[in-house]
Amino acid sequence: MSLLNFKEIISVSLILFSVIDILGSIPIIINLRRKFGHVQSEKATVVSGVIMVVFLFLGEQILNLFGIDISSFAVAGAVVMFLLGMEMILGLQFFKADPEESKSASIVPLAFPLIAGAGTMTTLISLKAEYANPNILVGMGVNLLFVYLVLKTCGWLEQKVGKAGFNTLRKVFGIILLAISIKIFKNHLLI
């Protein structure tokens with residue numbers, strides 16, 4: 001493990017990119033924009049980054065403080081992801097907008113659990129065993145920049161894809177999200 005190793009940064013970036021799967025979340029983000037009216041890209045990106053950095057350095061200690069093991073945390077995140085997938089496929093509404101709060105989904109469910117969810121957090125703990133913290137931090141920064149760009153351009157992407165394309169993508173990615181949540185649930189429930 002060396003400091004600022006380009007190969008490690010690329011590896012960490014690719015691993016986090018596949019776990020965060022912001023491209024796969026585009027239909028969810030568009031759906032949240034329609035439901036809540038606004039998604040604050042900067043806020044969602046910053047909050048996701050803070051969650052990831054805190055969890056990188058204090059994740060295991062925070063969970064231990066509450067008597068929660070990583071597997072239980074992953075299963076809880078998988079349940080939320082499962083509900084989001086069900087919303088996308090069946091057109092149901094589990095996450096309702098609270099009229100007392102700002103009409104935004106920037107924190108829940110966007111920053112957590114979609115961007116910085118249980119999969120990302122458990123991956124960060126796993127990455128610490130193989131890579132130096134500075135390389136993990138740079139890989140996180142690369143991913144957060146990409147997340148921000150995707151969040152900022154979602155309106156444009158929605159226009160380009162169209163309503164029929166959006167509905168098709170939403171259902172396809174809803175099934176993928178269900179599959180990912182079931183995989184996380186299965187892997188961590190059997191430990």
# chains A, B, ... in the order shown; residues from 1 in each chain; ligands from 1
$ residues_around --residues "A:Met121" --least-positions-apart "5" --cutoff "10 Å" --atoms "only C-alpha atoms" --output "mmCIF file with N, CA, C and O atoms, in the first residue's frame"
data_model
loop_
_atom_site.group_PDB
_atom_site.id
_atom_site.type_symbol
_atom_site.label_atom_id
_atom_site.label_comp_id
_atom_site.auth_asym_id
_atom_site.auth_seq_id
_atom_site.Cartn_x
_atom_site.Cartn_y
_atom_site.Cartn_z
ATOM 1 N N LEU A 16 -15.696 1.485 -6.794
ATOM 2 C CA LEU A 16 -16.760 2.354 -6.266
ATOM 3 C C LEU A 16 -17.775 2.717 -7.353
ATOM 4 O O LEU A 16 -18.969 2.805 -7.087
ATOM 5 N N VAL A 19 -20.184 -0.074 -7.640
ATOM 6 C CA VAL A 19 -21.053 -0.214 -6.470
ATOM 7 C C VAL A 19 -22.068 0.931 -6.406
ATOM 8 O O VAL A 19 -23.257 0.709 -6.177
ATOM 9 N N ILE A 20 -21.592 2.164 -6.621
ATOM 10 C CA ILE A 20 -22.502 3.325 -6.577
ATOM 11 C C ILE A 20 -23.501 3.253 -7.717
ATOM 12 O O ILE A 20 -24.679 3.546 -7.543
ATOM 13 N N ILE A 51 -20.800 11.417 4.157
ATOM 14 C CA ILE A 51 -21.164 10.086 4.667
ATOM 15 C C ILE A 51 -20.051 9.085 4.351
ATOM 16 O O ILE A 51 -19.644 8.297 5.207
ATOM 17 N N MET A 52 -19.549 9.122 3.112
ATOM 18 C CA MET A 52 -18.521 8.165 2.703
ATOM 19 C C MET A 52 -17.213 8.379 3.469
ATOM 20 O O MET A 52 -16.590 7.408 3.917
ATOM 21 N N VAL A 53 -16.795 9.636 3.646
ATOM 22 C CA VAL A 53 -15.544 9.909 4.374
ATOM 23 C C VAL A 53 -15.677 9.492 5.837
ATOM 24 O O VAL A 53 -14.782 8.842 6.387
ATOM 25 N N VAL A 54 -16.796 9.863 6.457
ATOM 26 C CA VAL A 54 -17.012 9.490 7.859
ATOM 27 C C VAL A 54 -17.013 7.974 7.995
ATOM 28 O O VAL A 54 -16.386 7.417 8.903
ATOM 29 N N PHE A 55 -17.687 7.305 7.071
ATOM 30 C CA PHE A 55 -17.757 5.847 7.178
ATOM 31 C C PHE A 55 -16.413 5.192 6.885
ATOM 32 O O PHE A 55 -16.089 4.157 7.463
ATOM 33 N N LEU A 56 -15.618 5.794 6.006
ATOM 34 C CA LEU A 56 -14.287 5.251 5.718
ATOM 35 C C LEU A 56 -13.442 5.204 6.988
ATOM 36 O O LEU A 56 -12.770 4.217 7.270
ATOM 37 N N GLY A 59 -16.558 4.056 10.302
ATOM 38 C CA GLY A 59 -17.689 3.171 10.050
ATOM 39 C C GLY A 59 -17.854 2.017 11.014
ATOM 40 O O GLY A 59 -18.909 1.836 11.625
ATOM 41 N N GLU A 60 -16.805 1.242 11.162
ATOM 42 C CA GLU A 60 -16.912 0.079 12.050
ATOM 43 C C GLU A 60 -17.156 0.503 13.496
ATOM 44 O O GLU A 60 -17.945 -0.119 14.205
ATOM 45 N N ILE A 70 -21.882 -5.172 10.438
ATOM 46 C CA ILE A 70 -21.923 -4.720 9.044
ATOM 47 C C ILE A 70 -22.991 -5.461 8.252
ATOM 48 O O ILE A 70 -23.679 -4.878 7.416
ATOM 49 N N PHE A 73 -26.380 -3.937 8.885
ATOM 50 C CA PHE A 73 -26.444 -2.640 8.212
ATOM 51 C C PHE A 73 -26.695 -2.830 6.717
ATOM 52 O O PHE A 73 -27.506 -2.129 6.114
ATOM 53 N N ALA A 74 -26.002 -3.784 6.121
ATOM 54 C CA ALA A 74 -26.179 -4.062 4.694
ATOM 55 C C ALA A 74 -27.590 -4.550 4.394
ATOM 56 O O ALA A 74 -28.198 -4.162 3.388
ATOM 57 N N PRO A 113 -29.986 5.953 0.664
ATOM 58 C CA PRO A 113 -28.999 4.916 0.437
ATOM 59 C C PRO A 113 -28.541 4.749 -1.008
ATOM 60 O O PRO A 113 -27.748 3.866 -1.285
ATOM 61 N N ILE A 115 -26.633 6.713 -3.268
ATOM 62 C CA ILE A 115 -25.232 7.003 -3.585
ATOM 63 C C ILE A 115 -24.315 6.430 -2.517
ATOM 64 O O ILE A 115 -23.402 5.667 -2.812
ATOM 65 N N ALA A 116 -24.537 6.818 -1.282
ATOM 66 C CA ALA A 116 -23.686 6.347 -0.175
ATOM 67 C C ALA A 116 -24.486 5.384 0.690
ATOM 68 O O ALA A 116 -24.760 5.643 1.847
ATOM 69 N N SER A 126 -14.105 -2.635 3.213
ATOM 70 C CA SER A 126 -13.314 -3.689 2.566
ATOM 71 C C SER A 126 -12.085 -3.111 1.859
ATOM 72 O O SER A 126 -11.009 -3.710 1.885
ATOM 73 N N LEU A 127 -12.247 -1.950 1.215
ATOM 74 C CA LEU A 127 -11.134 -1.326 0.490
ATOM 75 C C LEU A 127 -9.990 -0.934 1.423
ATOM 76 O O LEU A 127 -8.820 -0.953 1.027
#
$ residues_around --residues "A:Ala44" --least-positions-apart "5" --cutoff "7 Å" --atoms "only C-alpha atoms" --output "ChimeraX atom specification"
/A:106-107,110-111
$ write_last_selection --atoms "all heavy atoms" --output "compact mmCIF listing (two decimals), in the first residue's frame"
# COMPACT_ATOMS: atom_id res chain seq x y z
N SER A 106 -32.95 15.17 -1.82
CA SER A 106 -31.50 15.22 -1.93
C SER A 106 -30.79 14.35 -0.91
O SER A 106 -29.75 13.78 -1.20
CB SER A 106 -31.02 16.67 -1.80
OG SER A 106 -31.63 17.45 -2.80
N ILE A 107 -31.33 14.25 0.31
CA ILE A 107 -30.66 13.47 1.34
C ILE A 107 -31.17 12.03 1.32
O ILE A 107 -30.42 11.10 1.08
CB ILE A 107 -30.88 14.10 2.74
CG1 ILE A 107 -30.46 15.57 2.74
CG2 ILE A 107 -30.14 13.31 3.81
CD1 ILE A 107 -29.01 15.83 2.48
N LEU A 110 -31.77 9.84 -1.94
CA LEU A 110 -30.73 10.01 -2.94
C LEU A 110 -29.31 9.86 -2.37
O LEU A 110 -28.58 8.94 -2.75
CB LEU A 110 -30.88 11.36 -3.64
CG LEU A 110 -30.02 11.59 -4.87
CD1 LEU A 110 -30.18 10.48 -5.87
CD2 LEU A 110 -30.38 12.91 -5.51
N ALA A 111 -28.91 10.76 -1.47
CA ALA A 111 -27.56 10.66 -0.90
C ALA A 111 -27.40 9.36 -0.14
O ALA A 111 -26.38 8.68 -0.23
CB ALA A 111 -27.28 11.86 0.01
$ residues_around --residues "A:Pro109" --least-positions-apart "2" --cutoff "12 Å" --atoms "only C-alpha atoms" --output "PyMOL selection string"
chain A and resi 25+28-29+31-33+36+39+44+47-48+77+80-81+83-84+94-97+104-107+111-117
$ write_last_selection --atoms "N, CA and C atoms" --output "PDB file, in the first residue's frame"
ATOM      1  N   SER A  25     -28.793   4.444 -11.675  1.00  0.00           N
ATOM      2  CA  SER A  25     -29.741   5.169 -10.826  1.00  0.00           C
ATOM      3  C   SER A  25     -30.434   6.316 -11.540  1.00  0.00           C
ATOM      4  N   ILE A  28     -34.134   6.310 -11.344  1.00  0.00           N
ATOM      5  CA  ILE A  28     -34.582   6.602  -9.980  1.00  0.00           C
ATOM      6  C   ILE A  28     -34.507   8.100  -9.724  1.00  0.00           C
ATOM      7  N   ILE A  29     -33.413   8.723 -10.146  1.00  0.00           N
ATOM      8  CA  ILE A  29     -33.220  10.161  -9.946  1.00  0.00           C
ATOM      9  C   ILE A  29     -34.293  10.948 -10.688  1.00  0.00           C
ATOM     10  N   ASN A  31     -37.226   9.858 -11.520  1.00  0.00           N
ATOM     11  CA  ASN A  31     -38.475   9.597 -10.805  1.00  0.00           C
ATOM     12  C   ASN A  31     -38.581  10.472  -9.554  1.00  0.00           C
ATOM     13  N   LEU A  32     -37.472  10.610  -8.809  1.00  0.00           N
ATOM     14  CA  LEU A  32     -37.468  11.455  -7.620  1.00  0.00           C
ATOM     15  C   LEU A  32     -37.690  12.921  -7.986  1.00  0.00           C
ATOM     16  N   ARG A  33     -37.110  13.360  -9.099  1.00  0.00           N
ATOM     17  CA  ARG A  33     -37.318  14.743  -9.557  1.00  0.00           C
ATOM     18  C   ARG A  33     -38.793  14.982  -9.865  1.00  0.00           C
ATOM     19  N   PHE A  36     -40.711  14.808  -6.210  1.00  0.00           N
ATOM     20  CA  PHE A  36     -40.414  15.842  -5.217  1.00  0.00           C
ATOM     21  C   PHE A  36     -40.217  17.221  -5.829  1.00  0.00           C
ATOM     22  N   VAL A  39     -34.199  18.181  -7.075  1.00  0.00           N
ATOM     23  CA  VAL A  39     -33.092  17.461  -6.458  1.00  0.00           C
ATOM     24  C   VAL A  39     -31.910  18.410  -6.444  1.00  0.00           C
ATOM     25  N   ALA A  44     -26.784  16.838  -2.466  1.00  0.00           N
ATOM     26  CA  ALA A  44     -26.729  15.371  -2.507  1.00  0.00           C
ATOM     27  C   ALA A  44     -25.297  14.885  -2.636  1.00  0.00           C
ATOM     28  N   VAL A  47     -23.349  15.725   0.777  1.00  0.00           N
ATOM     29  CA  VAL A  47     -23.793  14.834   1.855  1.00  0.00           C
ATOM     30  C   VAL A  47     -23.293  13.408   1.610  1.00  0.00           C
ATOM     31  N   SER A  48     -23.356  12.950   0.365  1.00  0.00           N
ATOM     32  CA  SER A  48     -22.835  11.616   0.035  1.00  0.00           C
ATOM     33  C   SER A  48     -21.352  11.527   0.358  1.00  0.00           C
ATOM     34  N   GLY A  77     -29.998  -1.577   4.428  1.00  0.00           N
ATOM     35  CA  GLY A  77     -29.871  -0.825   3.176  1.00  0.00           C
ATOM     36  C   GLY A  77     -30.507  -1.569   2.013  1.00  0.00           C
ATOM     37  N   VAL A  80     -34.296  -0.983   1.918  1.00  0.00           N
ATOM     38  CA  VAL A  80     -34.653   0.320   1.338  1.00  0.00           C
ATOM     39  C   VAL A  80     -34.503   0.265  -0.185  1.00  0.00           C
ATOM     40  N   MET A  81     -33.410  -0.324  -0.668  1.00  0.00           N
ATOM     41  CA  MET A  81     -33.218  -0.459  -2.112  1.00  0.00           C
ATOM     42  C   MET A  81     -34.322  -1.307  -2.734  1.00  0.00           C
ATOM     43  N   LEU A  83     -37.429  -1.576  -1.696  1.00  0.00           N
ATOM     44  CA  LEU A  83     -38.642  -0.754  -1.779  1.00  0.00           C
ATOM     45  C   LEU A  83     -38.565   0.240  -2.938  1.00  0.00           C
ATOM     46  N   LEU A  84     -37.391   0.831  -3.166  1.00  0.00           N
ATOM     47  CA  LEU A  84     -37.226   1.741  -4.307  1.00  0.00           C
ATOM     48  C   LEU A  84     -37.452   0.994  -5.626  1.00  0.00           C
ATOM     49  N   PHE A  94     -43.799   4.340  -1.818  1.00  0.00           N
ATOM     50  CA  PHE A  94     -43.431   4.076  -0.434  1.00  0.00           C
ATOM     51  C   PHE A  94     -42.830   5.314   0.219  1.00  0.00           C
ATOM     52  N   PHE A  95     -42.018   6.055  -0.562  1.00  0.00           N
ATOM     53  CA  PHE A  95     -41.378   7.269  -0.061  1.00  0.00           C
ATOM     54  C   PHE A  95     -42.233   8.453  -0.473  1.00  0.00           C
ATOM     55  N   LYS A  96     -42.964   8.981   0.480  1.00  0.00           N
ATOM     56  CA  LYS A  96     -43.874  10.085   0.199  1.00  0.00           C
ATOM     57  C   LYS A  96     -43.238  11.404   0.630  1.00  0.00           C
ATOM     58  N   ALA A  97     -43.534  12.446  -0.117  1.00  0.00           N
ATOM     59  CA  ALA A  97     -43.022  13.768   0.224  1.00  0.00           C
ATOM     60  C   ALA A  97     -43.736  14.283   1.463  1.00  0.00           C
ATOM     61  N   SER A 104     -37.663  18.168  -1.562  1.00  0.00           N
ATOM     62  CA  SER A 104     -36.417  17.684  -2.133  1.00  0.00           C
ATOM     63  C   SER A 104     -36.128  16.292  -1.615  1.00  0.00           C
ATOM     64  N   ALA A 105     -35.533  15.495  -2.470  1.00  0.00           N
ATOM     65  CA  ALA A 105     -35.134  14.148  -2.082  1.00  0.00           C
ATOM     66  C   ALA A 105     -33.615  14.054  -2.077  1.00  0.00           C
ATOM     67  N   SER A 106     -32.954  15.170  -1.816  1.00  0.00           N
ATOM     68  CA  SER A 106     -31.503  15.219  -1.932  1.00  0.00           C
ATOM     69  C   SER A 106     -30.791  14.348  -0.913  1.00  0.00           C
ATOM     70  N   ILE A 107     -31.328  14.252   0.306  1.00  0.00           N
ATOM     71  CA  ILE A 107     -30.660  13.468   1.339  1.00  0.00           C
ATOM     72  C   ILE A 107     -31.172  12.032   1.321  1.00  0.00           C
ATOM     73  N   ALA A 111     -28.911  10.760  -1.468  1.00  0.00           N
ATOM     74  CA  ALA A 111     -27.558  10.663  -0.901  1.00  0.00           C
ATOM     75  C   ALA A 111     -27.397   9.356  -0.136  1.00  0.00           C
ATOM     76  N   PHE A 112     -28.427   9.017   0.637  1.00  0.00           N
ATOM     77  CA  PHE A 112     -28.452   7.746   1.349  1.00  0.00           C
ATOM     78  C   PHE A 112     -29.836   7.148   1.175  1.00  0.00           C
ATOM     79  N   PRO A 113     -29.986   5.953   0.664  1.00  0.00           N
ATOM     80  CA  PRO A 113     -28.999   4.916   0.437  1.00  0.00           C
ATOM     81  C   PRO A 113     -28.541   4.749  -1.008  1.00  0.00           C
ATOM     82  N   LEU A 114     -29.028   5.591  -1.966  1.00  0.00           N
ATOM     83  CA  LEU A 114     -28.654   5.337  -3.357  1.00  0.00           C
ATOM     84  C   LEU A 114     -27.176   5.556  -3.646  1.00  0.00           C
ATOM     85  N   ILE A 115     -26.633   6.713  -3.268  1.00  0.00           N
ATOM     86  CA  ILE A 115     -25.232   7.003  -3.585  1.00  0.00           C
ATOM     87  C   ILE A 115     -24.315   6.430  -2.517  1.00  0.00           C
ATOM     88  N   ALA A 116     -24.537   6.818  -1.282  1.00  0.00           N
ATOM     89  CA  ALA A 116     -23.686   6.347  -0.175  1.00  0.00           C
ATOM     90  C   ALA A 116     -24.486   5.384   0.690  1.00  0.00           C
ATOM     91  N   GLY A 117     -24.865   4.274   0.095  1.00  0.00           N
ATOM     92  CA  GLY A 117     -25.689   3.297   0.807  1.00  0.00           C
ATOM     93  C   GLY A 117     -24.858   2.201   1.448  1.00  0.00           C
TER      94      GLY A 117
END
$ residues_around --residues "stretch 129-145 of chain A" --least-positions-apart "4" --cutoff "9 Å" --atoms "only C-alpha atoms" --output "JSON, numbers by chain"
{"A": [1, 2, 3, 4, 5, 6, 8, 9, 10, 11, 12, 13, 14, 15, 16, 17, 20, 22, 45, 46, 48, 49, 52, 53, 56, 57, 115, 124, 125, 149, 150]}
$ select_by_dssp --residues "stretch 37-183 of chain A" --states "alpha helix (DSSP H)" --output "PyMOL selection string"
chain A and resi 41-65+70-90+118-128+133-183
$ residues_around --residues "A:Val75" --least-positions-apart "2" --cutoff "8 Å" --atoms "only C-alpha atoms" --output "PyMOL selection string"
chain A and resi 71-73+77-79+118+184-185+188-189
$ closest_residue --among "A:Lys35, A:Phe146, A:Phe82, A:Leu58" --to "A:Ile182" --atoms "only C-alpha atoms"
A:Phe82
$ closest_atom_pairs --of "stretch 1-118 of chain A" --to "stretch 161-164 of chain A" --cutoff "12 Å" --atoms "only C-alpha atoms" --output "tab-separated table"
residue	atom	partner	partner_atom	distance
A:Ile26	CA	A:Val161	CA	10.9
A:Pro27	CA	A:Val161	CA	10.2
A:Ile30	CA	A:Lys163	CA	10.7
A:Asn31	CA	A:Lys163	CA	11.2
A:Arg34	CA	A:Lys163	CA	11.7
